[in-house]
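Engineer: Please find one structure pasted underneath; my questions will follow.
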Amino acid sequence: MQKSSGLERASYIYTNRLQVARELKMQGEKFGGYLCCYVPVEMLSAAGYVPFRIIGDMNEPITNADAYLPSVMCPFYRSCLDLGLKGKYDFLDGLVSPHACDAAERVGLVWRSYFKYPFTFYLDIPHTVHASALVFFKQQLAHLRKGLEEYTGLKITDNDLKKQIKLFNRQRELVRQLYHLRKVEPPPVSGTEVLQLAVSLMGLPVQEGNLLAEEVIKEVKTRKMKPSKMKGRVLVWGCLIDNTAITSLIEDCGLEVVMDDTAIGSRTFGHDVELTEDPLDGLALRYLEKIVCPRTFRETGKNRANDLENRFSYLRKIVKDWHIDGIYMNLIRNCDIHGYEVPEVRYFFEEIGMPVLVIEQDYSTAALAPLRTRFQAFAESIEANR
Amino acid sequence: MFFAGLDVGSTMTKIVIRKDSGDYLSIIKPTGAEHRRFVDKVMTEALYKAKLSFEQIDYIVATGYGRVNVPFADTQLSEITCHMKGVNWLYPSVRTIIDIGGQDSKGIKVKNGKTNSFVMNDKCAAGTGRFLEVMAELLGMKLEEIGEMALRSGNPVAISKMCTVFARQEVLLRLSDGAALEDILAGLHQALAARIFSMVSKIGIEREVVLTGGGAKNAGLVKFLEERLGFSVQKPDEPLLTGALGASLAAQEIAQKAVADGAMPKQKNHTLTPASFFEEMPSVN
């Protein structure tokens, strides 16, 4: 593993994520597990934990979790719990489970009840961005800090937090650099490769992750690209994609995944934390207000047109800057928060002339084959209309 | 020049061979379980009917769910694109295509002869021809008979469940209540029409609407769908053929563009062979 570098190493870590974590643990690292992109990783890192994003596995049938959670719930979170119940995450030293969506909350509750980690914390995240919600969320972050201090016996100073904020800002900036490199045609790095890096970064110590991201950027910048035979450039909107089986399927069908608005992607790496005097202010603002996920309600505008413009104009900018030809709206089955948002987002995209493909997928690689026809047809229609 | 379009569907394999002048002939055979072995036989038969040799065909496009198992095809295209091309050629004024196949159903919105948007049913049998196959079997009737019989109903029975398995239970319950066969069939067709209508509504239904696939051959389904839409729909004389027809049109477009670009239209020199199963592949030794 030490010999490889850049994209090859990212691919290795992506594929062997749990094994890599276990190896690091043998070398003395501690791992703080967390669900969703709303948990401030800076806090875990400042307390001496490697923040480890818990994700599911589309290749692993959900068998154990169904005894604890109803099957009407999102299969991504059911898969997360299933892996936990099967012992795949037993190297974790703690867990921060947020009230991100109902599914994340339930999984966190079951997880904390059945796996006796030395440290667990329930992070309450408001569903609005009003001033009072920010005050509340900042208080939650203070509780998390205190909880971590009490458990580890270490003081987390403002300077510790600021140091971590700088390191993670650097990481986010590096991933954004990679995103920017995909603005040209042909993009020098594929959606699959970017996903491999993103998933790798969510399980590595921050400095190691930053080195990896720097290597990847260096490698990508020197790539010699031939003109592409692809049929169109797509933006992925939706909950999340954590498995390259989906990006590969899309890319196999002739579509380039060049940008995303998803939870393992631009929602994680999109915005920096402002270095405020009290670091909790910057963290609260970044994690509550700047992450745009439909789990958070935003009251904007006096009428519908105004509301759409205020909520989604950033998507128009992405479409323009990344030269997008079509939108893939990726829904994981039973994700109601994204499902409810589809009609408005779809309308917004169609109004700016974007073809849209909406798929509600089952979060299972075994169920991907029937989607090939849809992606192929979408690619053909984009090519014909280009 | 000659072009072929092959549509290997879940139930039927359809082939259209066309001349650049526009004349075409077609053949339709049941796909069966072993379409990999079967498709070259249907092709041989189509060629025999056309009095052509395989070498005389300039370009072949395969479509349908079995498109990946046509080793002698030059290009594979999705059935969405092919249906759209085929229907648009037959009905230039078409805006919405509703295709009801044996395994899936789909809605395609057409603008300027191109696919504007499309929608397909989810992976289950609800909203597809399979739903009616299961019900015909349950009622001991032939698939071809049930549509006509549904039309004789004066009092359709409401079927609330669209899941094929649950709807089957509901039918059994209605039978035990003593409901008339035609009323149950009418209810089933109404339920299917409602399901398809709501699916296609997602892309916005505009006239003209053309109905294709095996479902278009069912008079009951056509009537209940028209009731739901509030206007009449168009049906090709042979609604099973539009995918293969579109594939042959695509083959013509690709080949003629290649000729215009000064290239050989047929890039691959395949022979007419069946696709092999993995275990039949020659061993390394």
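Ordered as shown in the structure tokens, chains take letters A, B, and onward, while each chain numbers its residues from 1 and ligands are numbered from 1 in the order shown.
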Which residues are close to Asp261 of chain A, i.e. within 8 Å by only C-alpha atoms, leaving aside same-chain residues fewer than 6 positions away? Reply as a list of chain:residue names.

Structural biologist: A:Leu235, A:Val236, A:Trp237, A:Gly238, A:Arg267

Engineer: Could you list, as a PyMOL selection string, the residues of chain B having an atom within 6 Å of chain A when counting only C-alpha atoms?

Structural biologist: chain B and resi 78+80+115

Engineer: Using only C-alpha atoms, which of the listed residues (B:Gly102, B:Pro92, B:Phe2, B:Gly86) sits closest to Glu55 of chain B?

Structural biologist: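 Once distances to Glu55 of chain B are computed over only C-alpha atoms, the minimum belongs to B:Phe2.
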
Engineer: Find, counting only C-alpha atoms, the residue in B:His189, B:Arg67, B:Lys217, B:Lys106 that gets nearest to Gln234 of chain B.

Structural biologist: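 Selected residue with least distance to Gln234 of chain B: B:Lys217.
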
Engineer: List every residue of segment 82-204 of chain B that DSSP, applied to the backbone, labels as strand (DSSP E or B), and write the result as a ChimeraX atom specification.

Structural biologist: /B:96-100,105-111,114-120

Engineer: Restricting it to all heavy atoms, dump the selection as a short mmCIF file (atom, residue, chain, number, x, y, z; two decimals), in the first residue's frame.

Structural biologist:
data_model
loop_
_atom_site.label_atom_id
_atom_site.label_comp_id
_atom_site.auth_asym_id
_atom_site.auth_seq_id
_atom_site.Cartn_x
_atom_site.Cartn_y
_atom_site.Cartn_z
N THR B 96 -46.28 12.01 -27.73
CA THR B 96 -46.11 11.11 -26.59
C THR B 96 -46.28 9.66 -27.06
O THR B 96 -47.25 9.35 -27.75
CB THR B 96 -47.15 11.40 -25.50
OG1 THR B 96 -47.19 12.80 -25.25
CG2 THR B 96 -46.83 10.66 -24.21
N ILE B 97 -45.32 8.83 -26.70
CA ILE B 97 -45.42 7.40 -27.02
C ILE B 97 -45.63 6.64 -25.70
O ILE B 97 -44.92 6.88 -24.72
CB ILE B 97 -44.13 6.88 -27.69
CG1 ILE B 97 -43.85 7.67 -28.97
CG2 ILE B 97 -44.24 5.38 -27.98
CD1 ILE B 97 -42.44 7.45 -29.53
N ILE B 98 -46.62 5.78 -25.71
CA ILE B 98 -46.81 4.91 -24.55
C ILE B 98 -46.57 3.49 -25.04
O ILE B 98 -47.30 2.99 -25.90
CB ILE B 98 -48.22 5.06 -23.94
CG1 ILE B 98 -48.46 6.51 -23.52
CG2 ILE B 98 -48.39 4.11 -22.75
CD1 ILE B 98 -49.87 6.77 -22.98
N ASP B 99 -45.53 2.86 -24.53
CA ASP B 99 -45.18 1.51 -24.96
C ASP B 99 -45.44 0.54 -23.81
O ASP B 99 -44.88 0.71 -22.72
CB ASP B 99 -43.71 1.47 -25.38
CG ASP B 99 -43.28 0.07 -25.80
OD1 ASP B 99 -43.69 -0.38 -26.88
OD2 ASP B 99 -42.55 -0.59 -25.03
N ILE B 100 -46.30 -0.44 -24.07
CA ILE B 100 -46.60 -1.41 -23.02
C ILE B 100 -46.06 -2.76 -23.45
O ILE B 100 -46.63 -3.44 -24.31
CB ILE B 100 -48.11 -1.47 -22.75
CG1 ILE B 100 -48.62 -0.07 -22.39
CG2 ILE B 100 -48.41 -2.45 -21.60
CD1 ILE B 100 -50.10 0.11 -22.62
N SER B 105 -42.96 -1.06 -19.16
CA SER B 105 -43.75 -0.11 -19.94
C SER B 105 -43.04 1.23 -19.83
O SER B 105 -42.32 1.47 -18.87
CB SER B 105 -45.17 -0.02 -19.41
OG SER B 105 -45.18 0.18 -18.03
N LYS B 106 -43.22 2.05 -20.85
CA LYS B 106 -42.51 3.32 -20.84
C LYS B 106 -43.29 4.42 -21.54
O LYS B 106 -44.17 4.15 -22.36
CB LYS B 106 -41.13 3.18 -21.47
CG LYS B 106 -41.08 2.40 -22.77
CD LYS B 106 -39.63 2.06 -23.12
CE LYS B 106 -39.50 0.97 -24.16
NZ LYS B 106 -39.74 -0.38 -23.64
N GLY B 107 -42.98 5.62 -21.16
CA GLY B 107 -43.53 6.79 -21.82
C GLY B 107 -42.38 7.58 -22.41
O GLY B 107 -41.35 7.72 -21.76
N ILE B 108 -42.55 8.04 -23.65
CA ILE B 108 -41.49 8.81 -24.30
C ILE B 108 -42.10 10.10 -24.84
O ILE B 108 -43.11 10.08 -25.53
CB ILE B 108 -40.84 8.04 -25.46
CG1 ILE B 108 -40.37 6.65 -25.01
CG2 ILE B 108 -39.67 8.83 -26.06
CD1 ILE B 108 -39.97 5.72 -26.15
N LYS B 109 -41.50 11.21 -24.47
CA LYS B 109 -41.93 12.51 -24.98
C LYS B 109 -41.07 12.85 -26.18
O LYS B 109 -39.84 12.82 -26.09
CB LYS B 109 -41.71 13.53 -23.85
CG LYS B 109 -42.37 14.85 -24.04
CD LYS B 109 -43.84 14.78 -23.74
CE LYS B 109 -44.45 16.16 -23.72
NZ LYS B 109 -44.11 16.85 -22.46
N VAL B 110 -41.71 13.15 -27.32
CA VAL B 110 -40.96 13.41 -28.56
C VAL B 110 -41.05 14.89 -28.91
O VAL B 110 -42.13 15.48 -28.88
CB VAL B 110 -41.53 12.58 -29.73
CG1 VAL B 110 -40.64 12.69 -30.96
CG2 VAL B 110 -41.70 11.12 -29.32
N LYS B 111 -39.91 15.48 -29.22
CA LYS B 111 -39.89 16.86 -29.70
C LYS B 111 -38.94 16.95 -30.88
O LYS B 111 -37.79 16.52 -30.79
CB LYS B 111 -39.43 17.81 -28.58
CG LYS B 111 -40.57 18.71 -28.11
CD LYS B 111 -40.14 19.68 -27.05
CE LYS B 111 -41.35 20.07 -26.21
NZ LYS B 111 -40.99 20.73 -24.97
N LYS B 114 -36.93 13.99 -31.78
CA LYS B 114 -35.93 13.53 -30.82
C LYS B 114 -36.58 13.23 -29.48
O LYS B 114 -37.62 13.79 -29.16
CB LYS B 114 -34.85 14.60 -30.63
CG LYS B 114 -33.96 14.77 -31.84
CD LYS B 114 -33.14 16.03 -31.70
CE LYS B 114 -32.34 16.27 -32.97
NZ LYS B 114 -31.77 17.61 -32.98
N THR B 115 -35.91 12.38 -28.70
CA THR B 115 -36.42 12.08 -27.36
C THR B 115 -36.22 13.31 -26.48
O THR B 115 -35.10 13.78 -26.31
CB THR B 115 -35.65 10.90 -26.74
OG1 THR B 115 -35.76 9.79 -27.63
CG2 THR B 115 -36.23 10.53 -25.38
N ASN B 116 -37.30 13.83 -25.92
CA ASN B 116 -37.20 14.97 -25.03
C ASN B 116 -37.05 14.51 -23.59
O ASN B 116 -36.22 14.99 -22.85
CB ASN B 116 -38.44 15.85 -25.21
CG ASN B 116 -38.41 17.06 -24.34
OD1 ASN B 116 -39.08 17.11 -23.32
ND2 ASN B 116 -37.59 18.03 -24.70
N SER B 117 -37.90 13.55 -23.20
CA SER B 117 -37.74 12.93 -21.89
C SER B 117 -38.45 11.58 -21.93
O SER B 117 -39.19 11.30 -22.87
CB SER B 117 -38.32 13.80 -20.78
OG SER B 117 -39.68 14.06 -21.02
N PHE B 118 -38.19 10.76 -20.94
CA PHE B 118 -38.83 9.45 -20.93
C PHE B 118 -38.98 8.97 -19.51
O PHE B 118 -38.35 9.48 -18.58
CB PHE B 118 -38.01 8.43 -21.74
CG PHE B 118 -36.65 8.15 -21.17
CD1 PHE B 118 -36.46 7.14 -20.26
CD2 PHE B 118 -35.56 8.93 -21.55
CE1 PHE B 118 -35.20 6.88 -19.72
CE2 PHE B 118 -34.29 8.68 -21.02
CZ PHE B 118 -34.12 7.66 -20.11
N VAL B 119 -39.83 7.99 -19.34
CA VAL B 119 -40.03 7.40 -18.01
C VAL B 119 -40.27 5.91 -18.21
O VAL B 119 -40.84 5.49 -19.22
CB VAL B 119 -41.21 8.10 -17.28
CG1 VAL B 119 -42.52 7.94 -18.04
CG2 VAL B 119 -41.37 7.62 -15.85
N MET B 120 -39.77 5.10 -17.30
CA MET B 120 -39.98 3.65 -17.39
C MET B 120 -40.54 3.16 -16.08
O MET B 120 -40.28 3.74 -15.03
CB MET B 120 -38.65 2.93 -17.65
CG MET B 120 -38.23 2.95 -19.11
SD MET B 120 -36.61 2.22 -19.31
CE MET B 120 -37.05 0.50 -19.56
#

Engineer: Using DSSP on the backbone coordinates, identify all residues within segment 4-144 of chain B classified as alpha helix (DSSP H); present the result as a VMD selection string.

Structural biologist: chain B and resid 35 to 50 79 to 90 129 to 138 143 to 144

Engineer: Please report the interatomic distance between atom CA of Leu288 of chain A and atom CA of Gly265 of chain A in Å with one decimal.

Structural biologist: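 Calculated distance between atom CA of Leu288 of chain A and atom CA of Gly265 of chain A is 16.8 Å.
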
Engineer: Residues within 7 Å of segment 58-64 of chain B, please, as a PyMOL selection string. Count only C-alpha atoms; anything in the same chain fewer than 3 positions from it doesn't count.

Structural biologist: chain B and resi 1-9+67+70+73-79+247-248+251+255+265-266

Engineer: Could you write those residues out with N, CA, C and O atoms, as an mmCIF file, in the first residue's frame?

Structural biologist:
data_model
loop_
_atom_site.group_PDB
_atom_site.id
_atom_site.type_symbol
_atom_site.label_atom_id
_atom_site.label_comp_id
_atom_site.auth_asym_id
_atom_site.auth_seq_id
_atom_site.Cartn_x
_atom_site.Cartn_y
_atom_site.Cartn_z
ATOM 1 N N MET B 1 -28.847 -0.233 -50.700
ATOM 2 C CA MET B 1 -28.315 -0.688 -49.407
ATOM 3 C C MET B 1 -29.431 -1.321 -48.571
ATOM 4 O O MET B 1 -30.592 -0.979 -48.717
ATOM 5 N N PHE B 2 -29.032 -2.219 -47.682
ATOM 6 C CA PHE B 2 -29.995 -2.873 -46.800
ATOM 7 C C PHE B 2 -29.578 -2.698 -45.343
ATOM 8 O O PHE B 2 -28.392 -2.727 -45.020
ATOM 9 N N PHE B 3 -30.583 -2.528 -44.506
ATOM 10 C CA PHE B 3 -30.325 -2.304 -43.080
ATOM 11 C C PHE B 3 -31.253 -3.184 -42.260
ATOM 12 O O PHE B 3 -32.389 -3.440 -42.662
ATOM 13 N N ALA B 4 -30.741 -3.642 -41.109
ATOM 14 C CA ALA B 4 -31.589 -4.482 -40.261
ATOM 15 C C ALA B 4 -31.689 -3.897 -38.864
ATOM 16 O O ALA B 4 -30.723 -3.351 -38.328
ATOM 17 N N GLY B 5 -32.881 -4.017 -38.289
ATOM 18 C CA GLY B 5 -33.095 -3.646 -36.898
ATOM 19 C C GLY B 5 -33.631 -4.860 -36.158
ATOM 20 O O GLY B 5 -34.577 -5.495 -36.608
ATOM 21 N N LEU B 6 -32.983 -5.199 -35.044
ATOM 22 C CA LEU B 6 -33.422 -6.357 -34.257
ATOM 23 C C LEU B 6 -33.860 -5.873 -32.887
ATOM 24 O O LEU B 6 -33.092 -5.198 -32.200
ATOM 25 N N ASP B 7 -35.050 -6.209 -32.504
ATOM 26 C CA ASP B 7 -35.538 -5.831 -31.180
ATOM 27 C C ASP B 7 -35.776 -7.118 -30.388
ATOM 28 O O ASP B 7 -36.754 -7.820 -30.618
ATOM 29 N N VAL B 8 -34.842 -7.442 -29.514
ATOM 30 C CA VAL B 8 -34.961 -8.666 -28.720
ATOM 31 C C VAL B 8 -35.657 -8.298 -27.412
ATOM 32 O O VAL B 8 -35.022 -7.843 -26.460
ATOM 33 N N GLY B 9 -36.966 -8.449 -27.400
ATOM 34 C CA GLY B 9 -37.749 -8.091 -26.218
ATOM 35 C C GLY B 9 -37.822 -9.253 -25.243
ATOM 36 O O GLY B 9 -37.344 -10.356 -25.526
ATOM 37 N N ARG B 67 -30.428 -6.943 -26.330
ATOM 38 C CA ARG B 67 -29.553 -6.350 -27.358
ATOM 39 C C ARG B 67 -28.083 -6.703 -27.175
ATOM 40 O O ARG B 67 -27.329 -6.744 -28.138
ATOM 41 N N VAL B 70 -26.565 -9.982 -29.165
ATOM 42 C CA VAL B 70 -26.612 -10.109 -30.621
ATOM 43 C C VAL B 70 -25.204 -9.846 -31.132
ATOM 44 O O VAL B 70 -24.839 -8.711 -31.429
ATOM 45 N N ALA B 73 -24.486 -7.780 -34.406
ATOM 46 C CA ALA B 73 -24.958 -6.405 -34.580
ATOM 47 C C ALA B 73 -23.768 -5.450 -34.604
ATOM 48 O O ALA B 73 -22.756 -5.685 -33.958
ATOM 49 N N ASP B 74 -23.909 -4.354 -35.349
ATOM 50 C CA ASP B 74 -22.829 -3.369 -35.420
ATOM 51 C C ASP B 74 -22.922 -2.353 -34.294
ATOM 52 O O ASP B 74 -21.924 -1.827 -33.837
ATOM 53 N N THR B 75 -24.120 -2.059 -33.873
ATOM 54 C CA THR B 75 -24.326 -1.083 -32.800
ATOM 55 C C THR B 75 -25.515 -1.529 -31.959
ATOM 56 O O THR B 75 -26.434 -2.167 -32.468
ATOM 57 N N GLN B 76 -25.463 -1.196 -30.676
ATOM 58 C CA GLN B 76 -26.631 -1.408 -29.816
ATOM 59 C C GLN B 76 -27.186 -0.053 -29.424
ATOM 60 O O GLN B 76 -26.426 0.850 -29.082
ATOM 61 N N LEU B 77 -28.494 0.059 -29.483
ATOM 62 C CA LEU B 77 -29.132 1.296 -29.030
ATOM 63 C C LEU B 77 -30.225 0.925 -28.043
ATOM 64 O O LEU B 77 -30.795 -0.165 -28.110
ATOM 65 N N SER B 78 -30.540 1.839 -27.151
ATOM 66 C CA SER B 78 -31.588 1.552 -26.180
ATOM 67 C C SER B 78 -32.943 1.507 -26.883
ATOM 68 O O SER B 78 -33.143 2.134 -27.926
ATOM 69 N N GLU B 79 -33.884 0.785 -26.296
ATOM 70 C CA GLU B 79 -35.212 0.673 -26.909
ATOM 71 C C GLU B 79 -35.960 2.007 -26.902
ATOM 72 O O GLU B 79 -36.841 2.227 -27.719
ATOM 73 N N ALA B 247 -34.863 0.702 -34.986
ATOM 74 C CA ALA B 247 -33.475 0.220 -35.033
ATOM 75 C C ALA B 247 -32.988 0.177 -36.479
ATOM 76 O O ALA B 247 -31.846 0.552 -36.776
ATOM 77 N N SER B 248 -33.871 -0.251 -37.395
ATOM 78 C CA SER B 248 -33.455 -0.312 -38.804
ATOM 79 C C SER B 248 -33.259 1.100 -39.370
ATOM 80 O O SER B 248 -32.372 1.337 -40.189
ATOM 81 N N ALA B 251 -29.985 2.224 -38.124
ATOM 82 C CA ALA B 251 -28.933 1.562 -38.897
ATOM 83 C C ALA B 251 -28.699 2.316 -40.207
ATOM 84 O O ALA B 251 -27.559 2.546 -40.620
ATOM 85 N N ALA B 255 -25.242 4.211 -41.220
ATOM 86 C CA ALA B 255 -24.530 3.742 -42.406
ATOM 87 C C ALA B 255 -24.412 4.851 -43.444
ATOM 88 O O ALA B 255 -23.352 5.050 -44.028
ATOM 89 N N PRO B 265 -19.467 1.640 -44.456
ATOM 90 C CA PRO B 265 -20.562 1.697 -43.496
ATOM 91 C C PRO B 265 -20.465 0.598 -42.444
ATOM 92 O O PRO B 265 -20.713 0.828 -41.275
ATOM 93 N N LYS B 266 -20.083 -0.577 -42.860
ATOM 94 C CA LYS B 266 -20.066 -1.669 -41.896
ATOM 95 C C LYS B 266 -18.659 -1.821 -41.354
ATOM 96 O O LYS B 266 -17.737 -2.161 -42.073
#

Engineer: Using only C-alpha atoms, which residue out of A:Pro61, A:Gly94, A:Gly282, A:Gly209 lies closest to Leu141 of chain A?

Structural biologist: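 Result for the nearest residue to Leu141 of chain A: A:Gly282.
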
Engineer: Neighbouring residues of segment 11-14 of chain A were defined as those with any atom within 7 Å, considering only C-alpha atoms; residues of the same chain fewer than 2 positions away were excluded. Please report them as number ranges by chain.

Structural biologist: A: 7-9, 16-17, 20, 196, 199-200

Engineer: How many Å separate atom CA of Cys239 of chain A from atom CA of Ile318 of chain A?

Structural biologist: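 Taking atom CA of Cys239 of chain A and atom CA of Ile318 of chain A, their separation equals 17.4 Å.
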
Engineer: Applying 9 Å and only C-alpha atoms, which residues near His323 of chain A remain after dropping the ones on its own chain fewer than 3 positions away? List them as JSON, numbers by chain.

Structural biologist: {"A": [183, 184, 185, 233, 234, 258, 318, 319, 320]}

Engineer: Name the residues in contact with Ala126 of chain B at a cut-off of 6 Å, using only C-alpha atoms, excluding same-chain residues fewer than 5 positions from it; report them as a list in words.

Structural biologist: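 In the requested format, the answer is Phe131, Met162, Cys163 and Thr164 of chain B.
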
Engineer: Next, dump the selected residues to file, keeping only N, CA, C and O atoms, as a PDB file, in the first residue's frame.

Structural biologist:
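Result written to out_15.pdb:
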ATOM      1  N   PHE B 131     -48.525  -8.289 -16.049  1.00  0.00           N
ATOM      2  CA  PHE B 131     -49.672  -8.192 -15.141  1.00  0.00           C
ATOM      3  C   PHE B 131     -50.880  -8.897 -15.764  1.00  0.00           C
ATOM      4  O   PHE B 131     -51.550  -9.719 -15.119  1.00  0.00           O
ATOM      5  N   MET B 162     -52.210  -2.616  -7.017  1.00  0.00           N
ATOM      6  CA  MET B 162     -51.555  -2.699  -8.316  1.00  0.00           C
ATOM      7  C   MET B 162     -50.402  -3.692  -8.320  1.00  0.00           C
ATOM      8  O   MET B 162     -49.916  -4.084  -9.361  1.00  0.00           O
ATOM      9  N   CYS B 163     -49.968  -4.122  -7.157  1.00  0.00           N
ATOM     10  CA  CYS B 163     -48.935  -5.145  -7.102  1.00  0.00           C
ATOM     11  C   CYS B 163     -49.537  -6.413  -7.692  1.00  0.00           C
ATOM     12  O   CYS B 163     -50.635  -6.823  -7.312  1.00  0.00           O
ATOM     13  N   THR B 164     -48.837  -7.033  -8.647  1.00  0.00           N
ATOM     14  CA  THR B 164     -49.387  -8.186  -9.357  1.00  0.00           C
ATOM     15  C   THR B 164     -49.787  -9.302  -8.391  1.00  0.00           C
ATOM     16  O   THR B 164     -50.831  -9.935  -8.548  1.00  0.00           O
TER      17      THR B 164
END

Engineer: Distance atom CA of Val41 of chain A-atom CA of Gly87 of chain A, one decimal place?

Structural biologist: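 Taking atom CA of Val41 of chain A and atom CA of Gly87 of chain A, their separation equals 23.2 Å.
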